[in-house]
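Structure below is my_file-v6.pdb: PDB, C-alpha atoms, pLDDT in the B column.
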```pdb
ATOM      1  CA  MET G  15       7.275 -29.609  95.280  1.00 53.00           C
ATOM      2  CA  GLY G  16      10.263 -28.908  97.524  1.00 66.00           C
ATOM      3  CA  SER G  17      13.079 -29.997  95.219  1.00 79.00           C
ATOM      4  CA  LEU G  18      13.787 -29.118  91.635  1.00 81.00           C
ATOM      5  CA  SER G  19      14.297 -31.843  89.074  1.00 89.00           C
ATOM      6  CA  ILE G  20      16.986 -31.945  86.419  1.00 91.00           C
ATOM      7  CA  TRP G  21      14.522 -30.539  83.873  1.00 91.00           C
ATOM      8  CA  HIS G  22      14.000 -27.416  85.954  1.00 92.00           C
ATOM      9  CA  TRP G  23      17.759 -26.828  86.147  1.00 90.00           C
ATOM     10  CA  LEU G  24      18.152 -27.365  82.401  1.00 92.00           C
ATOM     11  CA  ILE G  25      15.453 -24.808  81.658  1.00 92.00           C
ATOM     12  CA  VAL G  26      17.121 -22.308  84.001  1.00 91.00           C
ATOM     13  CA  LEU G  27      20.485 -22.946  82.314  1.00 89.00           C
ATOM     14  CA  VAL G  28      19.005 -22.402  78.843  1.00 92.00           C
ATOM     15  CA  VAL G  29      17.369 -19.151  79.928  1.00 92.00           C
ATOM     16  CA  VAL G  30      20.616 -17.881  81.477  1.00 89.00           C
ATOM     17  CA  VAL G  31      22.581 -18.751  78.331  1.00 89.00           C
ATOM     18  CA  LEU G  32      19.992 -17.009  76.156  1.00 91.00           C
ATOM     19  CA  ILE G  33      20.073 -13.876  78.306  1.00 90.00           C
ATOM     20  CA  PHE G  34      23.824 -13.522  78.840  1.00 88.00           C
ATOM     21  CA  GLY G  35      25.371 -15.507  76.006  1.00 90.00           C
ATOM     22  CA  THR G  36      28.171 -18.022  76.221  1.00 86.00           C
ATOM     23  CA  LYS G  37      30.985 -15.485  75.803  1.00 88.00           C
ATOM     24  CA  LYS G  38      29.944 -13.438  78.836  1.00 88.00           C
ATOM     25  CA  LEU G  39      29.453 -16.567  80.910  1.00 87.00           C
ATOM     26  CA  ARG G  40      32.909 -17.860  79.899  1.00 88.00           C
ATOM     27  CA  ASN G  41      34.485 -14.512  80.820  1.00 90.00           C
ATOM     28  CA  LEU G  42      32.619 -14.495  84.122  1.00 88.00           C
ATOM     29  CA  GLY G  43      33.881 -18.001  84.909  1.00 88.00           C
ATOM     30  CA  ALA G  44      37.460 -17.008  84.089  1.00 91.00           C
ATOM     31  CA  ASP G  45      37.191 -13.897  86.263  1.00 92.00           C
ATOM     32  CA  VAL G  46      35.817 -15.840  89.215  1.00 92.00           C
ATOM     33  CA  GLY G  47      38.491 -18.521  88.810  1.00 92.00           C
ATOM     34  CA  GLY G  48      41.233 -15.877  88.706  1.00 92.00           C
ATOM     35  CA  ALA G  49      39.848 -14.206  91.815  1.00 92.00           C
ATOM     36  CA  VAL G  50      39.783 -17.500  93.720  1.00 93.00           C
ATOM     37  CA  LYS G  51      43.353 -18.290  92.636  1.00 92.00           C
ATOM     38  CA  GLY G  52      44.523 -14.822  93.700  1.00 90.00           C
ATOM     39  CA  PHE G  53      42.801 -15.221  97.055  1.00 90.00           C
ATOM     40  CA  LYS G  54      44.490 -18.586  97.658  1.00 90.00           C
ATOM     41  CA  ASP G  55      47.894 -17.155  96.700  1.00 87.00           C
ATOM     42  CA  GLY G  56      47.325 -14.213  99.043  1.00 86.00           C
ATOM     43  CA  MET G  57      46.415 -16.505 101.905  1.00 86.00           C
ATOM     44  CA  LYS G  58      49.496 -18.630 101.276  1.00 85.00           C
ATOM     45  CA  SER G  59      51.833 -15.627 101.196  1.00 84.00           C
ATOM     46  CA  GLY G  60      50.147 -14.232 104.310  1.00 82.00           C
ATOM     47  CA  ASP G  61      50.790 -17.485 106.166  1.00 81.00           C
ATOM     48  CA  GLU G  62      54.424 -17.454 105.053  1.00 82.00           C
ATOM     49  CA  ALA G  63      54.844 -13.824 106.183  1.00 82.00           C
ATOM     50  CA  ALA G  64      53.307 -14.610 109.568  1.00 83.00           C
ATOM     51  CA  ALA G  65      55.607 -17.618 110.032  1.00 82.00           C
ATOM     52  CA  GLN G  66      58.628 -15.495 109.073  1.00 81.00           C
ATOM     53  CA  ALA G  67      57.645 -12.747 111.532  1.00 81.00           C
ATOM     54  CA  LYS G  68      57.150 -15.329 114.274  1.00 81.00           C
ATOM     55  CA  ALA G  69      60.587 -16.806 113.572  1.00 78.00           C
ATOM     56  CA  GLU G  70      62.193 -13.342 113.698  1.00 77.00           C
ATOM     57  CA  ILE G  71      60.556 -12.601 117.035  1.00 75.00           C
ATOM     58  CA  ALA G  72      61.701 -15.948 118.420  1.00 72.00           C
ATOM     59  CA  ALA G  73      65.259 -15.318 117.196  1.00 70.00           C
ATOM     60  CA  THR G  74      65.497 -11.844 118.750  1.00 73.00           C
ATOM     61  CA  SER G  75      63.772 -12.742 122.007  1.00 66.00           C
ATOM     62  CA  THR G  76      66.118 -13.464 124.887  1.00 65.00           C
ATOM     63  CA  GLY G  77      63.455 -14.693 127.271  1.00 67.00           C
ATOM     64  CA  GLN G  78      63.914 -11.811 129.715  1.00 71.00           C
ATOM     65  CA  THR G  79      60.960 -10.171 131.378  1.00 74.00           C
ATOM     66  CA  ILE G  80      61.041  -6.419 131.617  1.00 75.00           C
ATOM     67  CA  GLU G  81      59.096  -5.013 134.503  1.00 83.00           C
ATOM     68  CA  GLY G  82      57.979  -1.438 134.611  1.00 85.00           C
ATOM     69  CA  GLU G  83      55.257   0.945 135.560  1.00 88.00           C
ATOM     70  CA  VAL G  84      53.224   3.157 133.286  1.00 84.00           C
ATOM     71  CA  LYS G  85      52.356   6.611 134.502  1.00 86.00           C
ATOM     72  CA  LYS G  86      50.208   9.151 132.772  1.00 85.00           C
ATOM     73  CA  GLU G  87      52.072  12.346 132.013  1.00 83.00           C
ATOM     74  CA  THR G  88      50.181  15.414 133.094  1.00 81.00           C
ATOM     75  CA  THR G  89      50.807  18.825 131.625  1.00 80.00           C
ATOM     76  CA  SER G  90      49.511  22.076 132.981  1.00 74.00           C
ATOM     77  CA  LYS G  91      47.650  24.332 130.609  1.00 71.00           C
ATOM     78  CA  SER G  92      48.389  28.038 130.877  1.00 60.00           C
TER
END
```

Write-out of the structure in structure tokens:
Amino acid sequence: MGSLSIWHWLIVLVVVVLIFGTKKLRNLGADVGGAVKGFKDGMKSGDEAAAQAKAEIAATSTGQTIEGEVKKETTSKS
């Protein structure tokens, strides 16, 4: 009772095709595939941008430590 057999999945597939039609399902598949491809391309370009930024920081860094003190500026209200 816990698992579904192949016949159950075939019946579900037939019902889905009858409800939505093959054209809508094909368009849905193409849209999902395009979204996944766009996501992968975005992740790849994001990784490249991060590597480029890291290389720029490494190139401009001289390895010097700058010491300082932060003080809160107080202004008097009149």

Box in all listed atoms of range 61-73 of chain G, axis-aligned, with 4 Å more on each side; write out centre and edge lengths in Å to one decimal as AutoDock Vina command-line options.
```
--center_x 58.0 --center_y -15.1 --center_z 111.7 --size_x 22.5 --size_y 13.0 --size_z 21.4
```

Requested in this report: Could you check how far CA of Ala63 in chain G sits from CA of Val50 in chain G, in Å to one decimal?
Outcome: 19.9 Å

Report task. State, in Å with one decimal place, the distance from CA of Gly60 in chain G to CA of Gln78 in chain G. Result ->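 We find that CA of Gly60 in chain G and CA of Gln78 in chain G lie 29.0 Å from each other.
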
Requested in this report: For CA of Asp55 in chain G and CA of Arg40 in chain G, quote the distance in Å rounded to one decimal.
Outcome: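 Interatomic distance, CA of Asp55 in chain G to CA of Arg40 in chain G: 22.5 Å.
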